[in-house]
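Structure file protein_37.cif (mmCIF, C-alpha atoms) follows.
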```
data_upload
loop_
_atom_site.label_atom_id
_atom_site.label_comp_id
_atom_site.auth_asym_id
_atom_site.auth_seq_id
_atom_site.Cartn_x
_atom_site.Cartn_y
_atom_site.Cartn_z
CA MET A 287 -4.25 -9.50 -24.43
CA GLN A 288 -4.39 -13.07 -23.18
CA SER A 289 -7.83 -14.60 -22.88
CA LEU A 290 -9.25 -14.78 -19.36
CA ALA A 291 -11.20 -17.93 -20.18
CA ARG A 292 -9.14 -21.00 -19.29
CA ASN A 293 -9.24 -24.28 -17.38
CA GLY A 294 -12.88 -24.61 -18.41
CA LEU A 295 -13.74 -21.38 -16.58
CA SER A 296 -15.47 -18.48 -18.32
CA ALA A 297 -13.79 -15.11 -18.79
CA GLU A 298 -16.35 -13.53 -16.45
CA THR A 299 -15.58 -16.05 -13.69
CA VAL A 300 -11.85 -15.34 -13.89
CA LYS A 301 -12.50 -11.59 -14.06
CA ARG A 302 -14.54 -11.74 -10.84
CA ALA A 303 -11.61 -13.42 -9.12
CA LEU A 304 -9.20 -10.75 -10.41
CA HIS A 305 -11.38 -7.97 -9.01
CA GLY A 306 -12.57 -9.77 -5.89
CA PRO A 307 -11.70 -8.80 -2.30
CA HIS A 308 -9.63 -11.94 -1.63
CA ARG A 309 -7.31 -12.21 -4.62
CA ARG A 310 -4.83 -15.04 -4.24
CA PHE A 311 -1.72 -15.45 -6.39
CA SER A 312 1.28 -17.72 -6.61
CA PHE A 313 4.08 -18.09 -9.14
CA ARG A 314 5.76 -20.97 -10.87
CA TYR A 315 8.65 -21.27 -13.31
CA GLU A 316 9.46 -23.78 -16.03
CA LEU A 317 12.96 -24.49 -17.28
CA LEU A 318 12.96 -25.02 -21.07
CA ASP A 319 15.67 -26.07 -23.50
CA LYS A 320 16.50 -23.96 -26.56
CA ASN A 321 13.79 -25.77 -28.55
CA LEU A 322 11.20 -24.77 -25.92
CA ASN A 323 10.86 -28.33 -24.61
CA LYS A 324 10.18 -28.43 -20.88
CA ILE A 325 13.14 -29.74 -18.88
CA GLY A 326 11.30 -29.46 -15.57
CA ASP A 327 9.95 -27.08 -12.96
CA LEU A 328 12.38 -24.54 -11.53
CA ASN A 329 11.82 -24.27 -7.80
CA THR A 330 14.77 -22.08 -6.86
CA VAL A 331 13.53 -18.67 -8.02
CA ILE A 332 13.40 -16.16 -5.17
CA ASP A 333 12.01 -13.12 -6.94
CA GLY A 334 11.59 -11.56 -10.36
CA GLU A 335 9.88 -9.05 -12.61
CA VAL A 336 8.68 -9.15 -16.22
CA ARG A 337 8.27 -6.14 -18.49
CA GLN A 338 6.69 -5.41 -21.86
CA ASP A 339 7.58 -2.33 -23.93
CA SER A 340 5.91 -2.16 -27.34
CA LEU A 341 8.15 0.74 -28.45
CA SER A 342 11.44 -1.12 -27.88
CA THR A 343 13.13 -3.44 -30.35
CA ILE A 344 13.15 -6.25 -27.78
CA LYS A 345 9.64 -6.11 -26.34
CA ARG A 346 9.80 -8.44 -23.33
CA THR A 347 12.51 -8.32 -20.69
CA ALA A 348 12.80 -9.75 -17.20
CA ASN A 349 15.06 -10.23 -14.24
CA PHE A 350 15.21 -13.17 -11.87
CA SER A 351 16.91 -13.86 -8.57
CA LEU A 352 17.45 -17.55 -7.88
CA ILE A 353 19.54 -20.05 -5.98
CA ASP A 354 21.94 -21.72 -8.42
CA LYS A 355 22.03 -25.47 -7.86
CA GLY A 356 23.67 -26.26 -11.17
CA GLU A 357 20.56 -27.35 -13.09
CA ILE A 358 20.56 -24.39 -15.52
CA ASP A 359 22.60 -24.14 -18.72
CA PHE A 360 22.76 -20.34 -18.83
CA LEU A 361 23.90 -20.31 -22.47
CA ASN A 362 21.04 -22.39 -23.86
CA ASP A 363 18.16 -22.81 -21.42
CA ARG A 364 15.12 -20.54 -21.09
CA ILE A 365 12.89 -19.60 -18.17
CA LYS A 366 9.12 -19.41 -18.60
CA PRO A 367 7.38 -17.80 -15.61
CA TYR A 368 3.68 -18.10 -14.82
CA VAL A 369 1.36 -16.03 -12.65
CA ARG A 370 -1.18 -18.28 -10.98
CA LEU A 371 -4.61 -17.04 -9.86
CA TRP A 372 -6.78 -19.04 -7.47
CA VAL A 373 -10.27 -19.42 -8.97
CA GLN A 374 -12.96 -21.79 -7.70
CA ASN A 375 -10.60 -24.17 -5.90
CA GLN A 376 -8.00 -24.39 -8.67
CA TRP A 377 -4.98 -22.52 -9.96
CA VAL A 378 -5.37 -20.73 -13.28
CA ASP A 379 -2.01 -20.11 -14.99
CA PHE A 380 -1.04 -17.12 -17.13
CA PRO A 381 2.32 -17.44 -18.96
CA GLN A 382 4.52 -14.34 -18.89
CA GLY A 383 6.95 -14.99 -21.74
CA VAL A 384 9.94 -17.17 -22.56
CA TYR A 385 13.31 -15.65 -21.68
CA LEU A 386 16.91 -16.19 -22.72
CA LEU A 387 19.32 -15.70 -19.84
CA SER A 388 22.06 -13.10 -19.95
CA SER A 389 24.65 -11.51 -17.65
CA PRO A 390 24.15 -13.74 -14.60
CA LYS A 391 25.80 -12.32 -11.48
CA LYS A 392 26.41 -14.49 -8.46
CA LYS A 393 27.05 -13.98 -4.77
CA ASP A 394 27.40 -16.12 -1.69
CA ILE A 395 24.28 -16.17 0.50
CA ILE A 396 24.66 -18.37 3.58
CA ARG A 397 26.51 -21.15 1.74
CA ASN A 398 24.23 -20.87 -1.29
CA VAL A 399 25.06 -19.25 -4.62
CA GLU A 400 22.44 -16.65 -5.54
CA ARG A 401 22.22 -15.57 -9.17
CA SER A 402 20.81 -12.25 -10.38
CA ILE A 403 19.88 -12.67 -14.04
CA ASP A 404 18.85 -10.24 -16.76
CA ALA A 405 16.67 -11.95 -19.34
CA PHE A 406 15.26 -11.15 -22.79
CA ASP A 407 12.66 -12.60 -25.11
CA GLY A 408 13.59 -14.41 -28.32
CA LEU A 409 14.05 -11.19 -30.28
CA LEU A 410 17.52 -11.12 -28.73
CA ILE A 411 18.42 -13.96 -31.14
CA LEU A 412 17.50 -11.81 -34.13
CA GLN A 413 19.27 -8.76 -32.75
CA GLU A 414 22.52 -10.65 -32.22
CA ASP A 415 22.35 -12.61 -35.49
CA LYS A 416 23.59 -10.60 -38.49
CA PHE A 417 24.07 -11.27 -42.19
CA GLU A 418 27.74 -11.77 -42.98
CA THR A 419 27.50 -10.49 -46.58
CA ARG A 420 25.18 -8.11 -48.42
CA TYR A 421 21.64 -9.44 -48.30
CA ARG A 422 19.73 -9.24 -51.57
CA ILE A 423 16.07 -9.95 -52.27
CA ALA A 424 14.95 -10.41 -55.88
CA ALA A 425 12.10 -8.39 -57.38
CA GLY A 426 8.87 -10.37 -57.57
CA GLY A 427 9.65 -12.47 -54.53
CA SER A 428 7.12 -13.08 -51.77
CA TYR A 429 7.28 -10.91 -48.65
CA TYR A 430 5.82 -13.74 -46.58
CA GLN A 431 8.30 -16.36 -47.78
CA GLU A 432 11.24 -13.99 -47.27
CA ILE A 433 10.19 -13.24 -43.69
CA ILE A 434 9.82 -16.94 -42.90
CA SER A 435 13.17 -17.68 -44.54
CA ILE A 436 14.97 -15.14 -42.36
CA LEU A 437 13.30 -16.52 -39.22
CA ASN A 438 14.34 -20.05 -40.17
CA SER A 439 17.90 -18.91 -40.89
CA ALA A 440 18.13 -17.85 -37.23
CA GLY A 441 16.86 -21.24 -36.04
CA ILE A 442 13.37 -19.98 -35.20
CA GLU A 443 10.66 -22.58 -35.72
CA PHE A 444 7.76 -21.25 -33.61
CA TYR A 445 6.10 -18.33 -35.37
CA ASN A 446 2.68 -16.97 -36.25
CA ILE A 447 3.08 -14.54 -39.15
CA GLU A 448 -0.12 -13.52 -40.91
CA PHE A 449 -0.02 -14.53 -44.57
CA THR A 450 0.25 -11.88 -47.30
CA ASP A 451 0.43 -12.27 -51.07
CA LYS A 452 2.37 -9.02 -51.57
CA VAL A 453 5.57 -9.24 -53.60
CA PHE A 454 8.68 -7.08 -53.81
CA PRO A 455 8.26 -4.45 -56.56
CA ILE A 456 12.03 -4.08 -57.01
CA GLU A 457 15.20 -5.81 -55.87
CA LYS A 458 16.18 -4.99 -52.29
CA ASP A 459 19.71 -4.85 -50.94
CA PHE A 460 20.89 -4.59 -47.33
CA GLU A 461 24.50 -3.95 -46.33
CA ALA A 462 26.57 -6.64 -44.64
CA GLY A 463 26.38 -6.75 -40.87
CA LYS A 464 22.72 -5.75 -40.58
CA GLU A 465 20.84 -7.38 -37.72
CA LYS A 466 18.15 -9.80 -38.80
CA ILE A 467 15.61 -8.07 -36.56
CA PHE A 468 16.28 -4.81 -38.43
CA ILE A 469 15.65 -6.39 -41.83
CA LEU A 470 12.57 -8.25 -40.64
CA ASN A 471 11.01 -5.10 -39.17
CA GLU A 472 11.79 -3.19 -42.38
CA LEU A 473 9.99 -5.84 -44.43
CA LEU A 474 7.06 -5.87 -42.01
CA ARG A 475 6.82 -2.07 -42.14
CA GLU A 476 6.69 -2.17 -45.94
CA ILE A 477 3.50 -4.28 -45.84
CA ASN A 478 2.05 -2.35 -42.86
CA TYR A 479 2.44 -5.14 -40.31
CA THR A 480 3.21 -4.79 -36.62
CA PRO A 481 6.84 -5.00 -35.56
CA LEU A 482 7.91 -8.53 -34.76
CA HIS A 483 7.12 -9.47 -31.17
CA VAL A 484 7.12 -12.65 -29.10
CA ASN A 485 3.94 -13.67 -27.31
CA ALA A 486 3.55 -15.05 -23.79
CA ASP A 487 4.28 -18.60 -24.98
CA GLY A 488 7.43 -17.71 -26.93
CA VAL A 489 5.88 -17.59 -30.42
CA PHE A 490 7.25 -14.97 -32.85
CA THR A 491 4.29 -12.93 -34.06
CA SER A 492 3.29 -10.24 -36.56
CA TYR A 493 0.08 -9.30 -38.36
CA THR A 494 -1.56 -6.42 -40.21
CA TYR A 495 -1.41 -3.27 -38.13
CA ARG A 496 -4.80 -2.01 -36.96
CA SER A 497 -5.08 1.39 -35.33
CA PRO A 498 -6.22 1.32 -31.69
CA ALA A 499 -8.82 3.88 -32.81
CA VAL A 500 -10.72 1.13 -34.67
CA ARG A 501 -10.01 -1.67 -32.20
CA SER A 502 -12.37 -2.56 -29.38
CA PRO A 503 -10.90 -2.25 -25.88
CA ASP A 504 -9.16 -5.37 -24.63
CA TYR A 505 -9.92 -4.48 -21.01
CA PHE A 506 -11.68 -1.91 -18.82
CA TYR A 507 -10.25 -0.32 -15.68
CA ARG A 508 -12.56 1.79 -13.51
CA ASP A 509 -12.24 3.32 -10.04
CA ASP A 510 -15.48 1.73 -8.85
CA ASN A 511 -16.20 -0.67 -6.00
CA GLN A 512 -14.28 -3.41 -7.84
CA SER A 513 -11.32 -1.22 -8.70
CA VAL A 514 -7.78 -2.58 -8.67
CA ILE A 515 -6.27 0.88 -9.34
CA PHE A 516 -4.01 2.40 -6.70
CA ALA A 517 -4.06 6.11 -5.89
CA GLY A 518 -1.38 8.21 -7.59
CA VAL A 519 -2.54 8.14 -11.23
CA GLU A 520 -0.54 10.65 -13.29
CA GLU A 521 -1.64 12.33 -16.52
CA GLU A 522 0.63 14.41 -18.74
CA LEU A 523 -0.60 16.59 -21.59
CA ASP A 524 1.85 18.03 -24.13
CA LEU A 525 0.49 19.67 -27.27
CA SER A 526 3.73 21.20 -28.49
CA ASN A 527 5.04 20.39 -31.97
CA ILE A 528 2.50 17.68 -32.76
CA PRO A 529 1.99 17.56 -36.55
CA ASN A 530 -1.43 17.67 -38.15
CA LYS A 531 -0.35 16.96 -41.72
CA TRP A 532 1.88 14.14 -42.91
CA VAL A 533 3.54 13.81 -46.30
CA VAL A 534 5.39 10.57 -47.07
CA VAL A 535 7.25 10.00 -50.31
CA ARG A 536 8.71 6.76 -51.59
CA THR A 537 11.95 7.61 -53.31
CA ASN A 538 14.28 5.18 -54.99
CA SER A 539 16.18 5.32 -58.25
CA GLU A 540 14.35 2.39 -59.85
CA GLU A 541 10.71 3.47 -59.54
CA GLU A 542 8.51 6.52 -59.98
CA PRO A 543 7.96 8.33 -56.67
CA LEU A 544 4.84 7.48 -54.70
CA PHE A 545 3.19 10.17 -52.58
CA SER A 546 0.81 9.89 -49.67
CA ILE A 547 -0.69 12.84 -47.77
CA TYR A 548 -2.83 12.67 -44.66
CA THR A 549 -4.31 15.75 -42.98
CA ASN A 550 -5.88 15.80 -39.53
CA ASP A 551 -8.77 18.22 -40.07
CA ASN A 552 -11.08 16.52 -37.57
CA PRO A 553 -12.82 19.22 -35.48
CA LEU A 554 -12.99 16.75 -32.57
CA SER A 555 -9.18 16.46 -32.44
CA VAL A 556 -7.42 19.10 -30.33
CA THR A 557 -4.34 19.01 -32.57
CA SER A 558 -6.17 19.25 -35.92
CA THR A 559 -5.69 22.03 -38.46
CA VAL A 560 -9.18 23.20 -37.57
CA ASN A 561 -8.54 23.64 -33.85
CA ARG A 562 -4.94 24.86 -34.07
CA GLY A 563 -5.62 27.30 -36.88
CA ARG A 564 -2.35 26.37 -38.55
CA THR A 565 -0.67 23.48 -40.29
CA ILE A 566 2.30 21.62 -38.79
CA VAL A 567 3.79 19.32 -41.42
CA ASP A 568 5.72 16.10 -40.91
CA HIS A 569 7.52 15.35 -44.19
CA ARG A 570 9.53 12.19 -44.58
CA GLU A 571 11.00 10.03 -47.32
CA ILE A 572 11.23 6.26 -47.34
CA ASN A 573 13.18 4.14 -49.76
CA ASP A 574 10.83 1.19 -50.23
CA ILE A 575 7.20 0.25 -49.69
CA ALA A 576 5.24 -2.59 -51.25
CA ASP A 577 2.60 -0.48 -53.06
CA GLN A 578 0.37 2.62 -52.84
CA VAL A 579 -2.10 0.87 -50.53
CA SER A 580 0.69 0.04 -48.08
CA LEU A 581 2.06 3.59 -48.33
CA ASP A 582 -1.33 5.13 -47.54
CA ALA A 583 -1.79 2.77 -44.60
CA TYR A 584 1.72 3.57 -43.36
CA THR A 585 1.06 7.32 -43.57
CA GLN A 586 -2.18 6.98 -41.60
CA ARG A 587 -0.36 4.84 -39.07
CA ILE A 588 2.41 7.37 -38.35
CA ALA A 589 -0.20 10.13 -38.25
CA PHE A 590 -2.19 8.24 -35.64
CA GLU A 591 0.85 7.31 -33.56
CA ALA A 592 2.19 10.88 -33.57
CA SER A 593 -1.18 12.23 -32.45
CA GLN A 594 -1.33 9.97 -29.39
CA VAL A 595 1.81 11.42 -27.82
CA TYR A 596 0.12 14.43 -26.24
CA GLY A 597 -1.90 12.43 -23.69
CA LYS A 598 0.09 10.08 -21.44
CA ILE A 599 -1.03 8.28 -18.29
CA ASP A 600 0.93 6.26 -15.76
CA PHE A 601 -0.88 4.25 -13.10
CA GLU A 602 -0.54 1.21 -10.88
CA THR A 603 -2.85 -1.72 -10.27
CA GLY A 604 -2.74 -4.97 -8.44
CA ILE A 605 -1.34 -7.90 -10.40
CA MET A 606 -3.27 -8.34 -13.66
CA PRO A 607 -1.49 -11.19 -15.45
CA MET A 608 -3.32 -11.21 -18.80
CA HIS A 609 -1.63 -8.17 -20.37
CA ASP A 610 0.33 -8.67 -23.60
CA TYR A 611 1.60 -6.63 -26.55
CA ALA A 612 0.08 -3.16 -27.28
CA ASP A 613 -3.25 -3.76 -25.53
CA VAL A 614 -6.10 -1.27 -25.88
CA ILE A 615 -7.45 -0.11 -22.53
CA GLU A 616 -10.63 1.74 -21.59
CA LEU A 617 -9.83 3.76 -18.47
CA GLU A 618 -12.10 5.68 -16.11
CA TYR A 619 -10.59 7.53 -13.17
CA SER A 620 -13.04 10.04 -11.72
CA THR A 621 -10.60 11.91 -9.44
CA LEU A 622 -8.72 13.29 -12.47
CA GLY A 623 -11.73 13.32 -14.78
CA ILE A 624 -10.19 10.67 -17.01
CA LYS A 625 -12.50 8.68 -19.26
CA GLY A 626 -11.40 7.32 -22.61
CA LYS A 627 -9.61 4.73 -24.71
CA TYR A 628 -5.83 4.30 -24.49
CA SER A 629 -3.12 2.18 -26.06
CA GLU A 630 -0.76 0.54 -23.59
CA THR A 631 2.86 1.22 -24.53
CA SER A 632 4.48 -0.59 -21.61
CA TRP A 633 3.84 -2.46 -18.38
CA SER A 634 5.86 -4.13 -15.65
CA LEU A 635 4.75 -6.92 -13.34
CA PRO A 636 6.64 -7.93 -10.18
CA LEU A 637 6.55 -11.67 -9.56
CA ASN A 638 5.62 -11.45 -5.90
CA ILE A 639 2.25 -11.46 -4.18
CA ASN A 640 2.55 -7.90 -2.86
CA GLY A 641 3.74 -6.44 -6.15
CA LYS A 642 2.13 -3.45 -7.85
CA MET A 643 1.82 -3.60 -11.63
CA LYS A 644 2.80 -0.43 -13.52
CA HIS A 645 1.09 0.67 -16.74
CA SER A 646 1.96 3.40 -19.25
CA LEU A 647 -0.74 4.48 -21.69
CA ARG A 648 -1.21 6.87 -24.57
CA ARG A 649 -4.56 8.41 -25.33
CA VAL A 650 -6.31 7.07 -28.42
CA VAL A 651 -7.30 10.08 -30.50
CA THR A 652 -9.52 10.00 -33.56
CA ILE A 653 -7.96 12.00 -36.40
#
```

Would you write out, as structure tokens, the structure that this file holds?
Amino acid sequence: MQSLARNGLSAETVKRALHGPHRRFSFRYELLDKNLNKIGDLNTVIDGEVRQDSLSTIKRTANFSLIDKGEIDFLNDRIKPYVRLWVQNQWVDFPQGVYLLSSPKKKDIIRNVERSIDAFDGLLILQEDKFETRYRIAAGGSYYQEIISILNSAGIEFYNIEFTDKVFPIEKDFEAGKEKIFILNELLREINYTPLHVNADGVFTSYTYRSPAVRSPDYFYRDDNQSVIFAGVEEELDLSNIPNKWVVVRTNSEEEPLFSIYTNDNPLSVTSTVNRGRTIVDHREINDIADQVSLDAYTQRIAFEASQVYGKIDFETGIMPMHDYADVIELEYSTLGIKGKYSETSWSLPLNINGKMKHSLRRVVTI
């Protein structure tokens, strides 16, 4: 989640403005070149919406409606929108991503050309860029250096990848035509990192995965006298077919198999072997993983993620512009008796002052 503290104002000061009775927003847009240099302010945007989905390959998407006056190179330029909050006689800006422009449609509106544009974050570059021949990685090579090399090969210069000293235990080989985003996410999975995502300023990012169960909440939403939650909160519970034991095996012809087993026997978990009185096994095989430590972490990760599926919540708030990738939310909603910690899987934010922001959460369950 983006920090609330900015422009010399404390996080608490900005938070009071977000939850105050006279919230005031505006929006601005920057036009950037392909190297993320600012060309200028874009004053022709009529409307738009930005979305974040942590479960999709391309995490951030957007759409914009604007009057086309010929200043945009749709093949190379980017749009960077900002939500602006009025706090103590100044505007406080929250960036909402950097977007490549795709599929612009145009129509005549009273002698103006209006464009409707679908837009995607920089992961689109890595999805469209593929290796022309088989891609081989030598045993003993550095995971970190290989990840950076692939990013650089796609022309990506702005990244924040947490350093690791892990090395490839065996040679790796990917078939020709594989998307670079696929290979990068495979390498990141093997060292138990988050999938690659692009932050609000357009920086490609990945770091060691930490379960929401051990993370502190990034933000609190409550239906109190400062609530920004709209009525109509929906909760869905589905306990069917949720595993409570996971067995993951690394199998390849060049190494001895590695096994990792994780059992949810926590009496406080509704899907545990203790509470269900039976064992539901998820067995899977993977070809490569860096080492036993990474395999154990990966097994715990899929166990945690599978256990969150049973509790889902959808709700709407006023505009809250600080949300980012896979935030952890503490939610209290007394009408439905909801009180707990959740991981945010997706959100959407309309870029207009009357817009309602939509949030989708999964319950954080200790297993």

Query raised in the report: If you count all atoms listed in the file, which residues fall within 12 Å of segment 396-406 of chain A, apart from same-chain ones fewer than 2 positions away, as a ChimeraX atom specification?
Result: /A:330-339,342-356,358,360-361,363-367,382-394,408-414,483-484,488

Requested in this report: On this file, the PyMOL selection byres ((chain A and resi 303-307) around 9) gives some set of residues; write that set as a VMD selection string.
Outcome: chain A and resid 298 to 302 308 to 310 371 to 374 512 to 514 604 to 606

Show me, as a PDB file with C-alpha atoms, in the coordinates of the input, the residues that have an atom within 12 Å of Val614 of chain A when counting only C-alpha atoms, minus same-chain residues fewer than 6 positions from it.
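And here's selection.pdb as it stands now:
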```pdb
ATOM      1  CA  MET A 287      -4.250  -9.500 -24.430  1.00  0.00           C
ATOM      2  CA  ARG A 496      -4.800  -2.010 -36.960  1.00  0.00           C
ATOM      3  CA  SER A 497      -5.080   1.390 -35.330  1.00  0.00           C
ATOM      4  CA  PRO A 498      -6.220   1.320 -31.690  1.00  0.00           C
ATOM      5  CA  ALA A 499      -8.820   3.880 -32.810  1.00  0.00           C
ATOM      6  CA  VAL A 500     -10.720   1.130 -34.670  1.00  0.00           C
ATOM      7  CA  ARG A 501     -10.010  -1.670 -32.200  1.00  0.00           C
ATOM      8  CA  SER A 502     -12.370  -2.560 -29.380  1.00  0.00           C
ATOM      9  CA  PRO A 503     -10.900  -2.250 -25.880  1.00  0.00           C
ATOM     10  CA  ASP A 504      -9.160  -5.370 -24.630  1.00  0.00           C
ATOM     11  CA  TYR A 505      -9.920  -4.480 -21.010  1.00  0.00           C
ATOM     12  CA  PHE A 506     -11.680  -1.910 -18.820  1.00  0.00           C
ATOM     13  CA  TYR A 507     -10.250  -0.320 -15.680  1.00  0.00           C
ATOM     14  CA  GLY A 626     -11.400   7.320 -22.610  1.00  0.00           C
ATOM     15  CA  LYS A 627      -9.610   4.730 -24.710  1.00  0.00           C
ATOM     16  CA  TYR A 628      -5.830   4.300 -24.490  1.00  0.00           C
ATOM     17  CA  SER A 629      -3.120   2.180 -26.060  1.00  0.00           C
ATOM     18  CA  GLU A 630      -0.760   0.540 -23.590  1.00  0.00           C
ATOM     19  CA  THR A 631       2.860   1.220 -24.530  1.00  0.00           C
ATOM     20  CA  SER A 632       4.480  -0.590 -21.610  1.00  0.00           C
ATOM     21  CA  HIS A 645       1.090   0.670 -16.740  1.00  0.00           C
ATOM     22  CA  SER A 646       1.960   3.400 -19.250  1.00  0.00           C
ATOM     23  CA  LEU A 647      -0.740   4.480 -21.690  1.00  0.00           C
ATOM     24  CA  ARG A 648      -1.210   6.870 -24.570  1.00  0.00           C
ATOM     25  CA  ARG A 649      -4.560   8.410 -25.330  1.00  0.00           C
ATOM     26  CA  VAL A 650      -6.310   7.070 -28.420  1.00  0.00           C
TER      27      VAL A 650
END
```

Query raised in the report: Which neighbours of Glu618 of chain A fall inside 6 Å, counting all atoms listed in the file, when residues of the same chain fewer than 2 positions from it are skipped, and could you give them as an MDAnalysis selection string?
Result: chainID A and resid 508 624:625

Report task. Run the PyMOL selection byres ((chain A and resi 546-558) around 7) against the file shown and list the residues it catches, as a list in words. Result ->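 On this input, the PyMOL selection byres ((chain A and resi 546-558) around 7) captures Ile528, Asn530, Lys531, Trp532, Val533, Val534, Val535, Leu544, Phe545, Thr559, Val560, Asn561, Arg562, Leu581, Asp582, Thr585, Gln586, Val651, Thr652 and Ile653 of chain A.
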
Query raised in the report: Could you spell out the hits of the PyMOL selection byres ((chain A and resi 444) around 9) on the shown file, as a ChimeraX atom specification?
Result: /A:442-443,445-446,488-490

Show me that you can extract segment 322-335 of chain A, keeping C-alpha atoms, and write it as a compact mmCIF listing (two decimals), in the first residue's frame.
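Okay, this is what ended up in result.txt:
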```txt
# COMPACT_ATOMS: atom_id res chain seq x y z
CA LEU A 322 9.05 7.23 -18.43
CA ASN A 323 10.23 10.80 -19.00
CA LYS A 324 7.44 13.33 -18.60
CA ILE A 325 6.39 14.91 -21.90
CA GLY A 326 3.80 17.13 -20.26
CA ASP A 327 0.41 17.25 -18.56
CA LEU A 328 -2.49 15.67 -20.42
CA ASN A 329 -5.53 17.89 -20.06
CA THR A 330 -7.89 16.17 -22.47
CA VAL A 331 -8.95 13.15 -20.40
CA ILE A 332 -12.72 13.04 -19.88
CA ASP A 333 -13.06 9.95 -17.71
CA GLY A 334 -11.29 6.76 -16.73
CA GLU A 335 -10.90 3.86 -14.35
```
